>>> print(open('input21.txt').read())   # compact mmCIF, C-alpha atoms
# COMPACT_ATOMS: atom_id res chain seq x y z
CA MET S 242 0.36 -10.71 -1.82
CA ASN S 243 3.19 -8.42 -0.88
CA GLY S 244 2.10 -6.93 2.41
CA ALA S 245 5.34 -6.45 4.31
CA GLY S 246 5.84 -2.88 5.41
CA VAL S 247 7.60 -0.78 7.99
CA THR S 248 7.47 2.86 8.93
CA PHE S 249 9.99 4.91 10.85
CA PRO S 250 8.67 8.45 11.29
CA GLU S 251 11.28 10.92 12.43
CA THR S 252 10.00 13.14 15.22
CA THR S 253 12.84 15.64 15.19
CA ASP S 254 13.34 18.52 12.79
CA LYS S 255 16.69 17.21 11.56
CA PHE S 256 17.37 15.45 8.29
CA TYR S 257 15.83 12.03 7.82
CA PRO S 258 18.42 9.39 8.83
CA ASP S 259 20.03 7.30 6.08
CA ASP S 260 19.65 4.04 8.02
CA LYS S 261 15.87 4.48 8.33
CA TRP S 262 15.63 5.41 4.64
CA ASP S 263 17.62 2.34 3.55
CA LYS S 264 15.74 -0.09 5.81
CA THR S 265 12.32 1.23 4.75
CA LEU S 266 13.05 0.99 1.04
CA ALA S 267 14.69 -2.43 1.43
CA ILE S 268 11.59 -3.89 3.09
CA ASN S 269 8.73 -1.93 1.51
CA LEU S 270 9.99 -1.76 -2.07
CA LYS S 271 12.86 -4.18 -2.72
CA GLY S 272 11.12 -6.90 -0.69
CA ALA S 273 8.05 -6.67 -2.92
CA LEU S 274 10.19 -6.89 -6.05
CA ASP S 275 12.07 -9.91 -4.71
CA CYS S 276 8.84 -11.71 -3.78
CA SER S 277 7.25 -10.91 -7.14
CA GLN S 278 10.27 -12.19 -9.06
CA THR S 279 10.17 -15.39 -7.03
CA VAL S 280 6.49 -16.19 -7.64
CA ILE S 281 6.56 -15.16 -11.31
CA LYS S 282 8.58 -18.30 -12.05
CA TYR S 283 5.63 -20.46 -10.97
CA MET S 284 3.01 -18.24 -12.55
CA LEU S 285 4.77 -18.34 -15.93
CA LYS S 286 4.40 -22.13 -16.01
CA LYS S 287 0.63 -21.77 -15.51
CA LYS S 288 0.35 -18.66 -17.73
CA ASN S 289 -1.85 -17.22 -15.02
CA GLY S 290 -1.49 -15.40 -11.74
CA SER S 291 -2.30 -12.39 -9.62
CA ILE S 292 0.16 -10.35 -7.60
CA ILE S 293 -1.24 -7.84 -5.11
CA ASN S 294 1.07 -5.23 -3.62
CA PHE S 295 0.06 -3.25 -0.57
CA THR S 296 0.77 0.43 -1.02
CA SER S 297 -0.96 3.12 1.03
CA ILE S 298 -2.77 6.41 0.69
CA ASN S 299 0.79 7.66 1.12
CA ALA S 300 1.43 6.58 -2.47
CA GLU S 301 -0.76 9.57 -3.43
CA MET S 302 -0.11 12.13 -0.71
CA GLY S 303 2.92 13.45 1.10
CA PHE S 304 2.76 13.00 4.86
CA PRO S 305 5.05 14.84 7.28
CA LYS S 306 8.28 13.53 8.77
CA ASN S 307 8.27 10.17 6.98
CA PRO S 308 9.77 10.59 3.50
CA ALA S 309 11.02 7.01 3.26
CA TYR S 310 7.56 5.52 3.81
CA VAL S 311 5.95 7.90 1.31
CA ALA S 312 8.67 7.26 -1.27
CA SER S 313 8.53 3.49 -0.81
CA LYS S 314 4.76 3.33 -1.20
CA GLY S 315 4.78 5.65 -4.22
CA GLY S 316 7.56 3.54 -5.69
CA LEU S 317 5.62 0.35 -5.04
CA LYS S 318 2.58 1.81 -6.79
CA MET S 319 4.68 2.46 -9.90
CA LEU S 320 6.54 -0.86 -9.60
CA SER S 321 3.13 -2.57 -9.71
CA LYS S 322 2.29 -0.77 -12.95
CA SER S 323 5.69 -1.62 -14.44
CA LEU S 324 5.36 -5.31 -13.59
CA ALA S 325 1.79 -5.33 -14.92
CA LYS S 326 3.13 -4.06 -18.22
CA ASP S 327 6.03 -6.51 -18.33
CA TRP S 328 4.10 -9.60 -17.27
CA GLY S 329 0.61 -9.00 -18.68
CA LEU S 330 1.33 -10.80 -21.94
CA PHE S 331 2.11 -13.89 -19.86
CA GLY S 332 -1.31 -13.82 -18.16
CA ILE S 333 -0.02 -12.40 -14.89
CA ARG S 334 -1.93 -9.51 -13.36
CA VAL S 335 -0.29 -7.06 -10.95
CA ASN S 336 -2.38 -4.62 -8.92
CA SER S 337 -2.07 -2.69 -5.70
CA ILE S 338 -4.31 -2.11 -2.71
CA GLY S 339 -3.76 1.18 -0.89
CA PRO S 340 -5.18 1.14 2.62
CA GLY S 341 -6.03 4.28 4.52
CA TYR S 342 -5.70 4.41 8.28
CA MET S 343 -6.30 0.91 9.56
CA LYS S 344 -6.21 -0.41 13.12
CA THR S 345 -2.99 -2.46 13.01
CA GLU S 346 0.20 -2.92 14.98
CA MET S 347 1.86 -0.32 12.77
CA THR S 348 -0.73 2.36 13.63
CA LYS S 349 -0.97 1.50 17.32
CA ARG S 350 0.74 4.73 18.40
CA SER S 351 -1.60 6.94 16.33
CA TRP S 352 -4.66 4.98 17.46
CA SER S 353 -3.65 5.31 21.13
CA ASN S 354 -3.18 9.08 20.85
CA MET S 355 -6.72 10.48 21.09
CA LYS S 356 -5.80 13.72 19.32
CA LEU S 357 -4.27 11.87 16.35
CA ARG S 358 -7.07 9.29 16.30
CA LYS S 359 -9.71 12.03 16.17
CA ALA S 360 -7.86 13.95 13.44
CA ARG S 361 -7.46 10.87 11.27
CA THR S 362 -11.04 9.74 11.87
CA SER S 363 -12.37 13.15 10.86
CA ARG S 364 -10.46 12.93 7.56
CA THR S 365 -12.34 9.81 6.41
CA LEU S 366 -15.73 10.18 4.76
CA LEU S 367 -16.98 7.08 6.58
CA GLY S 368 -15.97 8.55 9.95
CA ARG S 369 -13.91 5.60 11.17
CA TRP S 370 -10.61 3.81 10.86
CA GLY S 371 -10.47 0.69 8.77
CA GLU S 372 -10.20 -2.78 10.23
CA LYS S 373 -8.36 -5.80 8.88
CA ASP S 374 -11.63 -7.31 7.62
CA ASP S 375 -12.17 -4.26 5.38
CA ILE S 376 -9.25 -5.44 3.23
CA VAL S 377 -10.50 -9.01 2.73
CA GLY S 378 -13.08 -8.29 -0.02
CA PRO S 379 -10.72 -6.26 -2.20
CA CYS S 380 -8.06 -8.99 -1.83
CA ILE S 381 -10.52 -11.70 -2.85
CA PHE S 382 -11.61 -9.62 -5.85
CA LEU S 383 -8.07 -8.96 -7.10
CA ALA S 384 -6.90 -12.53 -6.46
CA SER S 385 -9.90 -14.15 -8.17
CA ASN S 386 -11.13 -14.50 -11.73
CA ALA S 387 -13.68 -11.78 -10.93
CA SER S 388 -10.84 -9.37 -11.79
CA ARG S 389 -9.37 -11.34 -14.69
CA TYR S 390 -9.32 -8.20 -16.87
CA VAL S 391 -7.89 -5.91 -14.19
CA THR S 392 -4.17 -5.19 -14.08
CA GLY S 393 -2.03 -2.18 -13.28
CA HIS S 394 -4.82 -0.85 -11.05
CA ASP S 395 -4.61 0.92 -7.69
CA LEU S 396 -7.55 0.12 -5.42
CA TYR S 397 -7.75 2.42 -2.42
CA VAL S 398 -9.50 1.09 0.66
CA ASP S 399 -9.42 4.28 2.68
CA GLY S 400 -12.90 5.16 3.92
CA GLY S 401 -12.95 8.01 1.42
CA TRP S 402 -9.75 9.68 2.66
CA LEU S 403 -8.43 10.51 -0.82
CA ALA S 404 -11.84 11.71 -2.04
CA ASN S 405 -12.22 14.12 0.88
CA GLY S 406 -11.79 17.69 -0.28
CA LEU S 407 -12.12 20.94 1.58
CA SER S 408 -14.11 21.16 4.75
CA GLU S 409 -17.09 23.51 4.78
>>> encode(input="input21.txt", output="structure tokens")
Amino acid sequence: MNGAGVTFPETTDKFYPDDKWDKTLAINLKGALDCSQTVIKYMLKKKNGSIINFTSINAEMGFPKNPAYVASKGGLKMLSKSLAKDWGLFGIRVNSIGPGYMKTEMTKRSWSNMKLRKARTSRTLLGRWGEKDDIVGPCIFLASNASRYVTGHDLYVDGGWLANGLSE
């Protein structure tokens, strides 16, 4: 599983800083590629394996003031598909899990801000933020033989965020 990720939202109206862009893409995208290329060596010997990359709902939607995070997660989504295509014939499956708003260290600031918490909660069809345990089942599925014919897939665990259309 490639779950490393950082986010550096820029709160000013200026251009997004190059150092934040470079650091975000190095960790969120290049890090996943490096890890995948390391484990593939072992998976090739077994002619079997499952790589799970953690993207985000941001792989599907633009969010304000954080272009590096959005670009890195969109890139990771497509990297997963590319690696699935390249490595599928060797029995290696590559999929991604895209969480919605989850209660984590990374979202601590949003969770602590009652206005932001309420806005994000109202956007989910299930009316709550996700918790770490909500990711366990999808990870087990994609890592196990229960998904042995699933590759190049994006599984969103977002409480219905992406399915939510217009309000009444």
>>> atom_distance(input="input21.txt", atom1="atom CA of Gly341 of chain S", atom2="atom CA of Ile293 of chain S")
16.2 Å
>>> axis_aligned_box(input="input21.txt", around="segment 354-362 of chain S", padding_each_side="6 Å", output="JSON")
{"center_x": -7.1, "center_y": 11.5, "center_z": 16.2, "size_x": 19.9, "size_y": 16.9, "size_z": 21.8}
>>> closest_residue(input="input21.txt", among="S:Phe331, S:Thr365, S:Tyr390, S:Lys356", to="Tyr283 of chain S", atoms="all atoms listed in the file")
S:Phe331
>>> residues_around(input="input21.txt", residues="segment 334-338 of chain S", least_positions_apart="2", cutoff="6 Å", atoms="only C-alpha atoms", output="PyMOL selection string")
chain S and resi 291-296+321+325+329+392-397
>>> closest_residue(input="input21.txt", among="S:Arg358, S:Ala387, S:Asp259, S:Ile333", to="Gly290 of chain S", atoms="all atoms listed in the file")
S:Ile333
>>> closest_residue(input="input21.txt", among="S:Asp254, S:Ile376, S:Gly406, S:Trp328", to="Lys282 of chain S", atoms="all atoms listed in the file")
S:Trp328
>>> closest_residue(input="input21.txt", among="S:Ile381, S:Val398, S:Ala404, S:Ala273", to="Gly244 of chain S", atoms="all atoms listed in the file")
S:Ala273
>>> residues_around(input="input21.txt", residues="Tyr310 of chain S", least_positions_apart="4", cutoff="9 Å", atoms="all atoms listed in the file", output="ChimeraX atom specification")
/S:246-250,262,265-266,269,299-300,304,314-315
>>> atom_distance(input="input21.txt", atom1="atom CA of Leu403 of chain S", atom2="atom CA of Tyr257 of chain S")
25.8 Å
>>> decode(input="input21.txt", residues="segment 271-348 of chain S", atoms="C-alpha atoms", output="PDB file, in the first residue's frame")
ATOM      1  CA  LYS S 271       7.143   9.984  -7.016  1.00  0.00           C
ATOM      2  CA  GLY S 272       7.153   8.201  -3.651  1.00  0.00           C
ATOM      3  CA  ALA S 273       4.365   5.885  -4.796  1.00  0.00           C
ATOM      4  CA  LEU S 274       6.219   5.113  -8.026  1.00  0.00           C
ATOM      5  CA  ASP S 275       9.444   4.384  -6.154  1.00  0.00           C
ATOM      6  CA  CYS S 276       7.675   2.065  -3.685  1.00  0.00           C
ATOM      7  CA  SER S 277       5.817   0.274  -6.482  1.00  0.00           C
ATOM      8  CA  GLN S 278       9.005  -0.286  -8.469  1.00  0.00           C
ATOM      9  CA  THR S 279      10.664  -1.695  -5.367  1.00  0.00           C
ATOM     10  CA  VAL S 280       7.943  -4.241  -4.524  1.00  0.00           C
ATOM     11  CA  ILE S 281       7.364  -5.273  -8.146  1.00  0.00           C
ATOM     12  CA  LYS S 282      10.719  -7.075  -8.061  1.00  0.00           C
ATOM     13  CA  TYR S 283       9.382  -9.450  -5.401  1.00  0.00           C
ATOM     14  CA  MET S 284       5.938  -9.766  -6.944  1.00  0.00           C
ATOM     15  CA  LEU S 285       7.402 -10.744 -10.325  1.00  0.00           C
ATOM     16  CA  LYS S 286       9.083 -13.768  -8.729  1.00  0.00           C
ATOM     17  CA  LYS S 287       5.714 -14.927  -7.376  1.00  0.00           C
ATOM     18  CA  LYS S 288       3.769 -13.850 -10.497  1.00  0.00           C
ATOM     19  CA  ASN S 289       1.217 -12.412  -8.121  1.00  0.00           C
ATOM     20  CA  GLY S 290       0.647  -9.257  -6.132  1.00  0.00           C
ATOM     21  CA  SER S 291      -1.573  -6.322  -5.309  1.00  0.00           C
ATOM     22  CA  ILE S 292      -0.517  -2.703  -5.096  1.00  0.00           C
ATOM     23  CA  ILE S 293      -2.954  -0.224  -3.583  1.00  0.00           C
ATOM     24  CA  ASN S 294      -2.341   3.493  -4.017  1.00  0.00           C
ATOM     25  CA  PHE S 295      -4.161   6.038  -1.906  1.00  0.00           C
ATOM     26  CA  THR S 296      -5.516   8.856  -4.017  1.00  0.00           C
ATOM     27  CA  SER S 297      -8.344  11.106  -2.861  1.00  0.00           C
ATOM     28  CA  ILE S 298     -11.630  12.566  -3.992  1.00  0.00           C
ATOM     29  CA  ASN S 299      -9.254  15.305  -5.147  1.00  0.00           C
ATOM     30  CA  ALA S 300      -8.241  12.991  -7.997  1.00  0.00           C
ATOM     31  CA  GLU S 301     -11.701  13.756  -9.430  1.00  0.00           C
ATOM     32  CA  MET S 302     -12.429  17.308  -8.318  1.00  0.00           C
ATOM     33  CA  GLY S 303     -10.510  20.541  -8.150  1.00  0.00           C
ATOM     34  CA  PHE S 304     -10.309  22.013  -4.668  1.00  0.00           C
ATOM     35  CA  PRO S 305      -9.271  25.611  -3.987  1.00  0.00           C
ATOM     36  CA  LYS S 306      -5.792  26.822  -3.071  1.00  0.00           C
ATOM     37  CA  ASN S 307      -4.077  23.437  -3.235  1.00  0.00           C
ATOM     38  CA  PRO S 308      -3.117  22.675  -6.843  1.00  0.00           C
ATOM     39  CA  ALA S 309      -0.169  20.453  -5.929  1.00  0.00           C
ATOM     40  CA  TYR S 310      -2.306  18.081  -3.864  1.00  0.00           C
ATOM     41  CA  VAL S 311      -5.000  17.875  -6.543  1.00  0.00           C
ATOM     42  CA  ALA S 312      -2.420  17.333  -9.289  1.00  0.00           C
ATOM     43  CA  SER S 313      -0.537  14.701  -7.296  1.00  0.00           C
ATOM     44  CA  LYS S 314      -3.663  12.695  -6.498  1.00  0.00           C
ATOM     45  CA  GLY S 315      -4.951  12.926 -10.076  1.00  0.00           C
ATOM     46  CA  GLY S 316      -1.516  11.863 -11.271  1.00  0.00           C
ATOM     47  CA  LEU S 317      -1.458   8.954  -8.838  1.00  0.00           C
ATOM     48  CA  LYS S 318      -4.854   7.804 -10.094  1.00  0.00           C
ATOM     49  CA  MET S 319      -3.498   7.674 -13.647  1.00  0.00           C
ATOM     50  CA  LEU S 320      -0.162   6.188 -12.553  1.00  0.00           C
ATOM     51  CA  SER S 321      -2.151   3.339 -10.974  1.00  0.00           C
ATOM     52  CA  LYS S 322      -3.902   2.683 -14.278  1.00  0.00           C
ATOM     53  CA  SER S 323      -0.611   2.827 -16.189  1.00  0.00           C
ATOM     54  CA  LEU S 324       1.083   0.370 -13.837  1.00  0.00           C
ATOM     55  CA  ALA S 325      -1.974  -1.911 -13.966  1.00  0.00           C
ATOM     56  CA  LYS S 326      -1.599  -2.014 -17.731  1.00  0.00           C
ATOM     57  CA  ASP S 327       2.158  -2.588 -17.635  1.00  0.00           C
ATOM     58  CA  TRP S 328       2.181  -5.219 -14.901  1.00  0.00           C
ATOM     59  CA  GLY S 329      -1.138  -7.034 -15.380  1.00  0.00           C
ATOM     60  CA  LEU S 330       0.336  -9.683 -17.660  1.00  0.00           C
ATOM     61  CA  PHE S 331       2.687 -10.591 -14.809  1.00  0.00           C
ATOM     62  CA  GLY S 332      -0.204 -11.216 -12.397  1.00  0.00           C
ATOM     63  CA  ILE S 333       0.223  -7.948 -10.510  1.00  0.00           C
ATOM     64  CA  ARG S 334      -2.883  -5.889  -9.837  1.00  0.00           C
ATOM     65  CA  VAL S 335      -2.721  -2.141  -9.223  1.00  0.00           C
ATOM     66  CA  ASN S 336      -5.730  -0.246  -7.880  1.00  0.00           C
ATOM     67  CA  SER S 337      -6.402   2.937  -5.974  1.00  0.00           C
ATOM     68  CA  ILE S 338      -8.526   3.864  -2.994  1.00  0.00           C
ATOM     69  CA  GLY S 339      -9.753   7.455  -2.932  1.00  0.00           C
ATOM     70  CA  PRO S 340     -10.844   8.547   0.529  1.00  0.00           C
ATOM     71  CA  GLY S 341     -13.171  11.446   1.123  1.00  0.00           C
ATOM     72  CA  TYR S 342     -12.852  13.567   4.229  1.00  0.00           C
ATOM     73  CA  MET S 343     -11.480  11.345   6.953  1.00  0.00           C
ATOM     74  CA  LYS S 344     -10.612  12.182  10.551  1.00  0.00           C
ATOM     75  CA  THR S 345      -6.804  12.049  10.391  1.00  0.00           C
ATOM     76  CA  GLU S 346      -3.794  14.109  11.379  1.00  0.00           C
ATOM     77  CA  MET S 347      -3.822  15.677   7.918  1.00  0.00           C
ATOM     78  CA  THR S 348      -7.409  16.942   8.300  1.00  0.00           C
TER      79      THR S 348
END
